Amino acid sequence: MDPRVDKLADVLVNYSTGGINKGDLVQIRVLDPVAEPLALAVYKYVLLAGGNAFFRMSPSGASEIFYKYASDEQLDYVPELSKWIIENIDVDIALIADVNTKELSNVDPAKMARSRAANRVISQRFMERQATGELRWTLTQYPTHASAQDAEMSLSEYEDFVYTACMVHLDDPVAYWKEKAAEQQRLVDWLKGHDKVEVKGENIDLTLSIKDRVFINADGKKNMPDGEIFTGPVEDSVNGWVRFTYPAIYNSREVDGVELYFENGKVVKATAEKGEDFLNSVLDTDEGARYLGEFAIGTNTGIQKFTRNILFDEKIGGTVHMAVGAGYPDTGSKNESAVHWDMICDMRSGGEIIVDGELFYKDGEFQV
């Protein structure tokens, strides 16, 4: 085994989850069997910490078969087991491992939207429990050939990229993430109590309110790798326009040149150079899908290359990202949706963020 795999498992279990307590019920979700080496290492550290773990692992191609053959009734079906799990687990550890990132490219968007809507009861309960601290969670990416190809790297180059972004190449990765936490907490503390945010640049002209909302310090406790500060904007406060400078990817579909126009919080117009019909089909999933659930600033300067993997791309230092759909209740967001779709805008060429009249961020750098 690559020793970095074992080191990453140690960080996930003993830092990113906040630590496993004796008797905790831990779900290890393995999104493809190719991630078994990391899954087994995670299992080892959960047991050493005193937790009780079980696996949920889907075979390659299961999602494609589901959307190809499922009837409307089956698309609407939510297993009672899934409901029980989301109510009873203490910790969720998800290991992403794509063997074909384009697997769902030709699936009928209406089928996907119907299934998402049905499973909203699961995603909403997940959001509620994690917001109160009842449910702790983390996720990471296991390097695969498919993800390496998307990133235009060899597998060995992509492995180096992933493990370096997670900082497990360092002697003490946890010390790094604790230092990152302190750095970002200074920014979060500064933002507390503010209201009006203006985001301006060659690809964006937006205003939004963060009044009574909380910025979260994303320091490796949930995502690994991490590096962002984010909140849920006041739902009806977003006005203006944004052109996302990188492709927006959702359920294996790549949508290029996305432009969104907001009025009183709602996306009233959505266009794209490629994939516009799919974009609008997702935005029509439910009422909340046309409102922002998240506004965030990426802070990980160690990630500079766009890789078509949102776990990494949304953290790129010098960018902002926004998610249409569900917000995190711990930010104060009240937006509910079966959708959560992150889209990224580069701010390193003339971009500014002004908070209550004071320059907070310019050209990808914090000014306070």
# chains A, B, ... in the order shown; residues from 1 in each chain; ligands from 1
>>> residues_around(residues="Asn21 (chain A)", least_positions_apart="3", cutoff="9 Å", atoms="only C-alpha atoms", output="number ranges by chain")
A: 24, 49-51
>>> write_last_selection(atoms="C-alpha atoms", output="JSON list (two decimals), in the first residue's frame")
[["chain", "number", "residue", "atom", "x", "y", "z"],
["A", 24, "ASP", "CA", -19.80, 5.44, 17.59],
["A", 49, "ALA", "CA", -10.51, 4.33, 18.00],
["A", 50, "GLY", "CA", -13.27, 2.11, 19.42],
["A", 51, "GLY", "CA", -15.94, 2.73, 16.79]]
>>> select_by_dssp(residues="region 145-231 of chain A", states="alpha helix (DSSP H)", output="JSON, numbers by chain")
{"A": [145, 146, 147, 148, 149, 150, 155, 156, 157, 158, 159, 160, 161, 162, 163, 164, 165, 173, 174, 175, 176, 177, 178, 179, 180, 181, 182, 183, 184, 185, 186, 187, 188, 189, 190, 191]}
>>> write_last_selection(atoms="N, CA and C atoms", output="short mmCIF file (atom, residue, chain, number, x, y, z; two decimals), in the first residue's frame")
data_model
loop_
_atom_site.label_atom_id
_atom_site.label_comp_id
_atom_site.auth_asym_id
_atom_site.auth_seq_id
_atom_site.Cartn_x
_atom_site.Cartn_y
_atom_site.Cartn_z
N HIS A 145 -7.70 6.31 -12.35
CA HIS A 145 -7.32 6.67 -13.72
C HIS A 145 -8.31 7.66 -14.33
N ALA A 146 -9.60 7.46 -14.08
CA ALA A 146 -10.61 8.34 -14.68
C ALA A 146 -10.45 9.78 -14.20
N SER A 147 -10.25 9.96 -12.90
CA SER A 147 -10.08 11.32 -12.37
C SER A 147 -8.76 11.93 -12.85
N ALA A 148 -7.74 11.09 -12.98
CA ALA A 148 -6.46 11.58 -13.50
C ALA A 148 -6.62 12.06 -14.94
N GLN A 149 -7.40 11.32 -15.73
CA GLN A 149 -7.63 11.73 -17.12
C GLN A 149 -8.38 13.05 -17.18
N ASP A 150 -9.39 13.22 -16.34
CA ASP A 150 -10.12 14.49 -16.29
C ASP A 150 -9.18 15.65 -15.95
N LEU A 155 -1.65 8.82 -13.75
CA LEU A 155 -2.14 8.40 -12.42
C LEU A 155 -1.14 8.78 -11.33
N SER A 156 0.14 8.57 -11.56
CA SER A 156 1.13 8.90 -10.53
C SER A 156 1.16 10.40 -10.26
N GLU A 157 1.01 11.21 -11.32
CA GLU A 157 0.96 12.67 -11.12
C GLU A 157 -0.29 13.05 -10.32
N TYR A 158 -1.39 12.39 -10.63
CA TYR A 158 -2.64 12.71 -9.93
C TYR A 158 -2.57 12.26 -8.47
N GLU A 159 -1.95 11.13 -8.21
CA GLU A 159 -1.75 10.69 -6.82
C GLU A 159 -0.95 11.73 -6.05
N ASP A 160 0.12 12.23 -6.66
CA ASP A 160 0.91 13.28 -6.00
C ASP A 160 0.06 14.52 -5.75
N PHE A 161 -0.75 14.89 -6.74
CA PHE A 161 -1.62 16.05 -6.60
C PHE A 161 -2.60 15.88 -5.44
N VAL A 162 -3.27 14.74 -5.38
CA VAL A 162 -4.28 14.49 -4.34
C VAL A 162 -3.64 14.49 -2.96
N TYR A 163 -2.58 13.72 -2.79
CA TYR A 163 -2.01 13.58 -1.46
C TYR A 163 -1.30 14.86 -1.00
N THR A 164 -0.77 15.62 -1.97
CA THR A 164 -0.18 16.92 -1.60
C THR A 164 -1.27 17.91 -1.21
N ALA A 165 -2.39 17.91 -1.92
CA ALA A 165 -3.50 18.80 -1.56
C ALA A 165 -4.05 18.48 -0.18
N PRO A 173 0.56 16.39 8.99
CA PRO A 173 -0.50 17.09 8.25
C PRO A 173 -1.53 17.75 9.17
N VAL A 174 -1.79 17.18 10.32
CA VAL A 174 -2.77 17.77 11.24
C VAL A 174 -2.30 19.14 11.71
N ALA A 175 -1.00 19.28 11.95
CA ALA A 175 -0.47 20.59 12.36
C ALA A 175 -0.72 21.63 11.28
N TYR A 176 -0.56 21.22 10.02
CA TYR A 176 -0.85 22.15 8.92
C TYR A 176 -2.29 22.59 8.96
N TRP A 177 -3.22 21.65 9.09
CA TRP A 177 -4.64 22.01 9.06
C TRP A 177 -5.05 22.84 10.27
N LYS A 178 -4.41 22.63 11.38
CA LYS A 178 -4.69 23.47 12.56
C LYS A 178 -4.21 24.90 12.33
N GLU A 179 -3.06 25.05 11.67
CA GLU A 179 -2.56 26.38 11.34
C GLU A 179 -3.48 27.07 10.33
N LYS A 180 -3.97 26.29 9.36
CA LYS A 180 -4.92 26.82 8.38
C LYS A 180 -6.21 27.26 9.06
N ALA A 181 -6.63 26.51 10.04
CA ALA A 181 -7.84 26.85 10.79
C ALA A 181 -7.69 28.21 11.48
N ALA A 182 -6.53 28.46 12.08
CA ALA A 182 -6.30 29.72 12.77
C ALA A 182 -6.28 30.89 11.79
N GLU A 183 -5.65 30.68 10.64
CA GLU A 183 -5.57 31.71 9.60
C GLU A 183 -6.97 32.09 9.10
N GLN A 184 -7.80 31.09 8.86
CA GLN A 184 -9.14 31.35 8.34
C GLN A 184 -10.08 31.89 9.41
N GLN A 185 -9.84 31.52 10.68
CA GLN A 185 -10.70 32.01 11.75
C GLN A 185 -10.60 33.52 11.88
N ARG A 186 -9.43 34.08 11.61
CA ARG A 186 -9.26 35.53 11.64
C ARG A 186 -10.20 36.20 10.64
N LEU A 187 -10.34 35.60 9.46
CA LEU A 187 -11.22 36.15 8.43
C LEU A 187 -12.68 35.98 8.82
N VAL A 188 -13.02 34.82 9.34
CA VAL A 188 -14.40 34.55 9.78
C VAL A 188 -14.80 35.53 10.88
N ASP A 189 -13.89 35.77 11.82
CA ASP A 189 -14.19 36.71 12.91
C ASP A 189 -14.40 38.12 12.38
N TRP A 190 -13.62 38.51 11.38
CA TRP A 190 -13.76 39.85 10.80
C TRP A 190 -15.13 40.01 10.14
N LEU A 191 -15.61 38.97 9.49
CA LEU A 191 -16.87 39.04 8.75
C LEU A 191 -18.10 39.04 9.67
#
>>> closest_atom_pairs(of="region 184-286 of chain A", to="region 297-317 of chain A", cutoff="10 Å", atoms="only C-alpha atoms", output="JSON lines")
{"residue": "A:Gln184", "atom": "CA", "partner": "A:Thr299", "partner_atom": "CA", "distance": 8.4}
{"residue": "A:Ala218", "atom": "CA", "partner": "A:Thr299", "partner_atom": "CA", "distance": 9.5}
{"residue": "A:Asp219", "atom": "CA", "partner": "A:Thr299", "partner_atom": "CA", "distance": 10.0}
{"residue": "A:Asn223", "atom": "CA", "partner": "A:Leu311", "partner_atom": "CA", "distance": 7.4}
{"residue": "A:Met224", "atom": "CA", "partner": "A:Leu311", "partner_atom": "CA", "distance": 7.9}
{"residue": "A:Pro225", "atom": "CA", "partner": "A:Phe312", "partner_atom": "CA", "distance": 6.9}
{"residue": "A:Asp226", "atom": "CA", "partner": "A:Lys315", "partner_atom": "CA", "distance": 6.5}
{"residue": "A:Gly227", "atom": "CA", "partner": "A:Asn300", "partner_atom": "CA", "distance": 4.8}
{"residue": "A:Glu228", "atom": "CA", "partner": "A:Gly298", "partner_atom": "CA", "distance": 4.4}
{"residue": "A:Ile229", "atom": "CA", "partner": "A:Ile297", "partner_atom": "CA", "distance": 5.5}
{"residue": "A:Phe230", "atom": "CA", "partner": "A:Ile297", "partner_atom": "CA", "distance": 6.4}
{"residue": "A:Thr231", "atom": "CA", "partner": "A:Ile297", "partner_atom": "CA", "distance": 9.5}
{"residue": "A:Tyr246", "atom": "CA", "partner": "A:Phe306", "partner_atom": "CA", "distance": 7.8}
{"residue": "A:Pro247", "atom": "CA", "partner": "A:Arg308", "partner_atom": "CA", "distance": 7.7}
{"residue": "A:Ala248", "atom": "CA", "partner": "A:Arg308", "partner_atom": "CA", "distance": 8.3}
{"residue": "A:Ile249", "atom": "CA", "partner": "A:Arg308", "partner_atom": "CA", "distance": 7.2}
{"residue": "A:Tyr250", "atom": "CA", "partner": "A:Ile310", "partner_atom": "CA", "distance": 9.3}
{"residue": "A:Ser252", "atom": "CA", "partner": "A:Arg308", "partner_atom": "CA", "distance": 9.9}
{"residue": "A:Glu254", "atom": "CA", "partner": "A:Arg308", "partner_atom": "CA", "distance": 8.7}
>>> write_last_selection(atoms="N, CA and C atoms", output="PDB file, in the first residue's frame")
ATOM      1  N   GLN A 184      -7.804  31.086   8.855  1.00  0.00           N
ATOM      2  CA  GLN A 184      -9.141  31.349   8.340  1.00  0.00           C
ATOM      3  C   GLN A 184     -10.082  31.890   9.409  1.00  0.00           C
ATOM      4  N   ALA A 218     -13.684  26.220   6.954  1.00  0.00           N
ATOM      5  CA  ALA A 218     -13.501  24.874   6.393  1.00  0.00           C
ATOM      6  C   ALA A 218     -12.016  24.526   6.417  1.00  0.00           C
ATOM      7  N   ASP A 219     -11.638  23.741   7.422  1.00  0.00           N
ATOM      8  CA  ASP A 219     -10.230  23.524   7.733  1.00  0.00           C
ATOM      9  C   ASP A 219      -9.841  22.049   7.744  1.00  0.00           C
ATOM     10  N   ASN A 223     -14.390  18.274   4.508  1.00  0.00           N
ATOM     11  CA  ASN A 223     -13.754  17.954   3.230  1.00  0.00           C
ATOM     12  C   ASN A 223     -12.262  17.714   3.452  1.00  0.00           C
ATOM     13  N   MET A 224     -11.715  16.775   2.728  1.00  0.00           N
ATOM     14  CA  MET A 224     -10.273  16.576   2.708  1.00  0.00           C
ATOM     15  C   MET A 224      -9.879  16.307   1.270  1.00  0.00           C
ATOM     16  N   PRO A 225      -9.173  17.249   0.576  1.00  0.00           N
ATOM     17  CA  PRO A 225      -8.592  18.456   1.144  1.00  0.00           C
ATOM     18  C   PRO A 225      -9.639  19.541   1.355  1.00  0.00           C
ATOM     19  N   ASP A 226      -9.187  20.611   2.021  1.00  0.00           N
ATOM     20  CA  ASP A 226     -10.084  21.708   2.339  1.00  0.00           C
ATOM     21  C   ASP A 226      -9.388  23.022   2.041  1.00  0.00           C
ATOM     22  N   GLY A 227      -9.982  24.107   2.561  1.00  0.00           N
ATOM     23  CA  GLY A 227      -9.442  25.429   2.334  1.00  0.00           C
ATOM     24  C   GLY A 227     -10.460  26.352   1.723  1.00  0.00           C
ATOM     25  N   GLU A 228     -11.420  26.796   2.550  1.00  0.00           N
ATOM     26  CA  GLU A 228     -12.410  27.780   2.117  1.00  0.00           C
ATOM     27  C   GLU A 228     -13.113  28.339   3.337  1.00  0.00           C
ATOM     28  N   ILE A 229     -13.752  29.482   3.174  1.00  0.00           N
ATOM     29  CA  ILE A 229     -14.707  29.993   4.145  1.00  0.00           C
ATOM     30  C   ILE A 229     -16.015  30.180   3.388  1.00  0.00           C
ATOM     31  N   PHE A 230     -17.131  29.791   4.013  1.00  0.00           N
ATOM     32  CA  PHE A 230     -18.398  29.838   3.282  1.00  0.00           C
ATOM     33  C   PHE A 230     -19.557  30.150   4.209  1.00  0.00           C
ATOM     34  N   THR A 231     -20.624  30.651   3.595  1.00  0.00           N
ATOM     35  CA  THR A 231     -21.855  30.936   4.316  1.00  0.00           C
ATOM     36  C   THR A 231     -23.043  30.687   3.405  1.00  0.00           C
ATOM     37  N   TYR A 246     -15.053  28.440 -15.009  1.00  0.00           N
ATOM     38  CA  TYR A 246     -14.697  27.038 -15.230  1.00  0.00           C
ATOM     39  C   TYR A 246     -15.969  26.254 -15.556  1.00  0.00           C
ATOM     40  N   PRO A 247     -15.847  25.123 -16.229  1.00  0.00           N
ATOM     41  CA  PRO A 247     -17.023  24.286 -16.462  1.00  0.00           C
ATOM     42  C   PRO A 247     -17.687  23.902 -15.132  1.00  0.00           C
ATOM     43  N   ALA A 248     -19.017  23.860 -15.149  1.00  0.00           N
ATOM     44  CA  ALA A 248     -19.787  23.432 -13.983  1.00  0.00           C
ATOM     45  C   ALA A 248     -20.203  21.983 -14.200  1.00  0.00           C
ATOM     46  N   ILE A 249     -19.864  21.114 -13.266  1.00  0.00           N
ATOM     47  CA  ILE A 249     -20.073  19.683 -13.445  1.00  0.00           C
ATOM     48  C   ILE A 249     -21.034  19.170 -12.386  1.00  0.00           C
ATOM     49  N   TYR A 250     -22.046  18.427 -12.848  1.00  0.00           N
ATOM     50  CA  TYR A 250     -23.054  17.904 -11.930  1.00  0.00           C
ATOM     51  C   TYR A 250     -23.545  16.565 -12.461  1.00  0.00           C
ATOM     52  N   SER A 252     -21.986  13.958 -13.465  1.00  0.00           N
ATOM     53  CA  SER A 252     -21.201  13.554 -14.643  1.00  0.00           C
ATOM     54  C   SER A 252     -21.404  14.452 -15.856  1.00  0.00           C
ATOM     55  N   GLU A 254     -21.041  17.936 -17.854  1.00  0.00           N
ATOM     56  CA  GLU A 254     -20.211  19.140 -17.870  1.00  0.00           C
ATOM     57  C   GLU A 254     -20.949  20.235 -18.636  1.00  0.00           C
TER      58      GLU A 254
END
>>> closest_residue(among="A:Met112, A:Val238, A:Val214, A:Ile93", to="Gly18 (chain A)", atoms="only C-alpha atoms")
A:Ile93
>>> residues_around(residues="Ser237 (chain A)", least_positions_apart="6", cutoff="8 Å", atoms="only C-alpha atoms", output="ChimeraX atom specification")
/A:207-209,264-265
>>> write_last_selection(atoms="C-alpha atoms", output="mmCIF file, in the first residue's frame")
data_model
loop_
_atom_site.group_PDB
_atom_site.id
_atom_site.type_symbol
_atom_site.label_atom_id
_atom_site.label_comp_id
_atom_site.auth_asym_id
_atom_site.auth_seq_id
_atom_site.Cartn_x
_atom_site.Cartn_y
_atom_site.Cartn_z
ATOM 1 C CA THR A 207 -24.705 41.975 -4.333
ATOM 2 C CA LEU A 208 -25.911 39.826 -1.475
ATOM 3 C CA SER A 209 -26.564 40.012 2.253
ATOM 4 C CA ASN A 264 -34.292 39.140 -5.339
ATOM 5 C CA GLY A 265 -32.407 35.918 -4.766
#
>>> select_by_dssp(residues="region 75-236 of chain A", states="strand (DSSP E or B)", output="MDAnalysis selection string")
chainID A and resid 91:96 136:141 196:201 204:209 216:218 223:224 228:231
>>> write_last_selection(atoms="N, CA and C atoms", output="mmCIF file, in the first residue's frame")
data_model
loop_
_atom_site.group_PDB
_atom_site.id
_atom_site.type_symbol
_atom_site.label_atom_id
_atom_site.label_comp_id
_atom_site.auth_asym_id
_atom_site.auth_seq_id
_atom_site.Cartn_x
_atom_site.Cartn_y
_atom_site.Cartn_z
ATOM 1 N N VAL A 91 -21.295 8.930 12.514
ATOM 2 C CA VAL A 91 -20.239 9.425 11.628
ATOM 3 C C VAL A 91 -20.434 8.836 10.234
ATOM 4 N N ASP A 92 -20.240 9.673 9.201
ATOM 5 C CA ASP A 92 -20.286 9.232 7.810
ATOM 6 C C ASP A 92 -18.957 9.578 7.158
ATOM 7 N N ILE A 93 -18.286 8.571 6.633
ATOM 8 C CA ILE A 93 -17.015 8.782 5.931
ATOM 9 C C ILE A 93 -17.212 8.318 4.486
ATOM 10 N N ALA A 94 -17.126 9.245 3.538
ATOM 11 C CA ALA A 94 -17.371 8.934 2.133
ATOM 12 C C ALA A 94 -16.055 8.970 1.353
ATOM 13 N N LEU A 95 -15.824 7.935 0.578
ATOM 14 C CA LEU A 95 -14.619 7.813 -0.232
ATOM 15 C C LEU A 95 -15.020 7.827 -1.701
ATOM 16 N N ILE A 96 -14.736 8.940 -2.370
ATOM 17 C CA ILE A 96 -15.094 9.110 -3.776
ATOM 18 C C ILE A 96 -14.044 8.403 -4.631
ATOM 19 N N ARG A 136 -21.438 13.607 12.436
ATOM 20 C CA ARG A 136 -20.161 14.116 11.947
ATOM 21 C C ARG A 136 -19.836 13.409 10.645
ATOM 22 N N TRP A 137 -19.183 14.139 9.734
ATOM 23 C CA TRP A 137 -18.934 13.535 8.427
ATOM 24 C C TRP A 137 -17.660 14.073 7.813
ATOM 25 N N THR A 138 -17.136 13.308 6.901
ATOM 26 C CA THR A 138 -16.009 13.768 6.093
ATOM 27 C C THR A 138 -16.015 12.984 4.790
ATOM 28 N N LEU A 139 -15.357 13.557 3.793
ATOM 29 C CA LEU A 139 -15.223 12.856 2.509
ATOM 30 C C LEU A 139 -13.883 13.203 1.887
ATOM 31 N N THR A 140 -13.436 12.326 1.020
ATOM 32 C CA THR A 140 -12.192 12.571 0.307
ATOM 33 C C THR A 140 -12.236 11.867 -1.043
ATOM 34 N N GLN A 141 -11.199 12.091 -1.822
ATOM 35 C CA GLN A 141 -11.070 11.499 -3.159
ATOM 36 C C GLN A 141 -9.963 10.455 -3.147
ATOM 37 N N LYS A 196 -23.845 43.828 3.944
ATOM 38 C CA LYS A 196 -23.852 43.900 2.487
ATOM 39 C C LYS A 196 -22.513 43.480 1.887
ATOM 40 N N VAL A 197 -22.581 42.560 0.928
ATOM 41 C CA VAL A 197 -21.396 42.091 0.212
ATOM 42 C C VAL A 197 -21.564 42.418 -1.265
ATOM 43 N N GLU A 198 -20.555 43.081 -1.837
ATOM 44 C CA GLU A 198 -20.525 43.368 -3.268
ATOM 45 C C GLU A 198 -19.362 42.583 -3.874
ATOM 46 N N VAL A 199 -19.662 41.806 -4.912
ATOM 47 C CA VAL A 199 -18.644 40.998 -5.577
ATOM 48 C C VAL A 199 -18.551 41.486 -7.015
ATOM 49 N N LYS A 200 -17.380 42.029 -7.376
ATOM 50 C CA LYS A 200 -17.232 42.665 -8.675
ATOM 51 C C LYS A 200 -15.992 42.151 -9.396
ATOM 52 N N GLY A 201 -16.077 42.094 -10.719
ATOM 53 C CA GLY A 201 -14.948 41.667 -11.530
ATOM 54 C C GLY A 201 -15.368 41.534 -12.971
ATOM 55 N N ILE A 204 -18.217 39.010 -12.956
ATOM 56 C CA ILE A 204 -19.213 38.984 -11.883
ATOM 57 C C ILE A 204 -19.577 40.393 -11.445
ATOM 58 N N ASP A 205 -20.843 40.584 -11.144
ATOM 59 C CA ASP A 205 -21.334 41.830 -10.555
ATOM 60 C C ASP A 205 -22.566 41.471 -9.724
ATOM 61 N N LEU A 206 -22.307 41.108 -8.472
ATOM 62 C CA LEU A 206 -23.358 40.608 -7.590
ATOM 63 C C LEU A 206 -23.377 41.384 -6.279
ATOM 64 N N THR A 207 -24.565 41.520 -5.710
ATOM 65 C CA THR A 207 -24.705 41.975 -4.333
ATOM 66 C C THR A 207 -25.516 40.935 -3.584
ATOM 67 N N LEU A 208 -25.183 40.772 -2.315
ATOM 68 C CA LEU A 208 -25.911 39.826 -1.475
ATOM 69 C C LEU A 208 -25.747 40.236 -0.020
ATOM 70 N N SER A 209 -26.611 39.699 0.822
ATOM 71 C CA SER A 209 -26.564 40.012 2.253
ATOM 72 C C SER A 209 -26.113 38.793 3.047
ATOM 73 N N ILE A 216 -18.450 29.673 7.883
ATOM 74 C CA ILE A 216 -17.855 28.449 8.393
ATOM 75 C C ILE A 216 -16.386 28.388 7.977
ATOM 76 N N ASN A 217 -15.561 28.015 8.919
ATOM 77 C CA ASN A 217 -14.134 27.857 8.698
ATOM 78 C C ASN A 217 -13.881 26.416 8.249
ATOM 79 N N ALA A 218 -13.684 26.220 6.954
ATOM 80 C CA ALA A 218 -13.501 24.874 6.393
ATOM 81 C C ALA A 218 -12.016 24.526 6.417
ATOM 82 N N ASN A 223 -14.390 18.274 4.508
ATOM 83 C CA ASN A 223 -13.754 17.954 3.230
ATOM 84 C C ASN A 223 -12.262 17.714 3.452
ATOM 85 N N MET A 224 -11.715 16.775 2.728
ATOM 86 C CA MET A 224 -10.273 16.576 2.708
ATOM 87 C C MET A 224 -9.879 16.307 1.270
ATOM 88 N N GLU A 228 -11.420 26.796 2.550
ATOM 89 C CA GLU A 228 -12.410 27.780 2.117
ATOM 90 C C GLU A 228 -13.113 28.339 3.337
ATOM 91 N N ILE A 229 -13.752 29.482 3.174
ATOM 92 C CA ILE A 229 -14.707 29.993 4.145
ATOM 93 C C ILE A 229 -16.015 30.180 3.388
ATOM 94 N N PHE A 230 -17.131 29.791 4.013
ATOM 95 C CA PHE A 230 -18.398 29.838 3.282
ATOM 96 C C PHE A 230 -19.557 30.150 4.209
ATOM 97 N N THR A 231 -20.624 30.651 3.595
ATOM 98 C CA THR A 231 -21.855 30.936 4.316
ATOM 99 C C THR A 231 -23.043 30.687 3.405
#
>>> residues_around(residues="Val255 (chain A)", least_positions_apart="4", cutoff="12 Å", atoms="only C-alpha atoms", output="list in words")
Ser105, Phe244, Thr245, Tyr246, Pro247, Ala248, Ile249, Tyr250, Asn251, Glu259, Ala270, Thr271, Ala272, Glu273, Lys274, Gly275, Glu276, Asp277, Phe278, Leu279, Asn280, Val282, Arg308, Trp341, Asp342 and Met343 of chain A
>>> residues_around(residues="Asp330 (chain A)", least_positions_apart="6", cutoff="10 Å", atoms="only C-alpha atoms", output="MDAnalysis selection string")
chainID A and resid 127:133 213:216 231:232
>>> closest_residue(among="A:Asp286, A:Asp98, A:Glu134, A:Asp172", to="Leu8 (chain A)", atoms="only C-alpha atoms")
A:Asp172
>>> closest_residue(among="A:Ile85, A:Val234, A:Ile353, A:Val368", to="Gly332 (chain A)", atoms="only C-alpha atoms")
A:Val234
>>> atom_distance(atom1="CA of Glu294 (chain A)", atom2="CA of Trp84 (chain A)")
27.8 Å
>>> residues_around(residues="Tyr43 (chain A)", least_positions_apart="6", cutoff="12 Å", atoms="only C-alpha atoms", output="PyMOL selection string")
chain A and resi 6+9-10+12-14+20+25-30+36-37+49-55+93+95
>>> residues_around(residues="Ala70 (chain A)", least_positions_apart="4", cutoff="12 Å", atoms="only C-alpha atoms", output="list of chain:residue names")
A:Ala62, A:Ser63, A:Glu64, A:Ile65, A:Phe66, A:Gln74, A:Leu75, A:Asp76, A:Tyr77, A:Val107, A:Asp108, A:Lys111, A:Met112, A:Arg114, A:Ser115
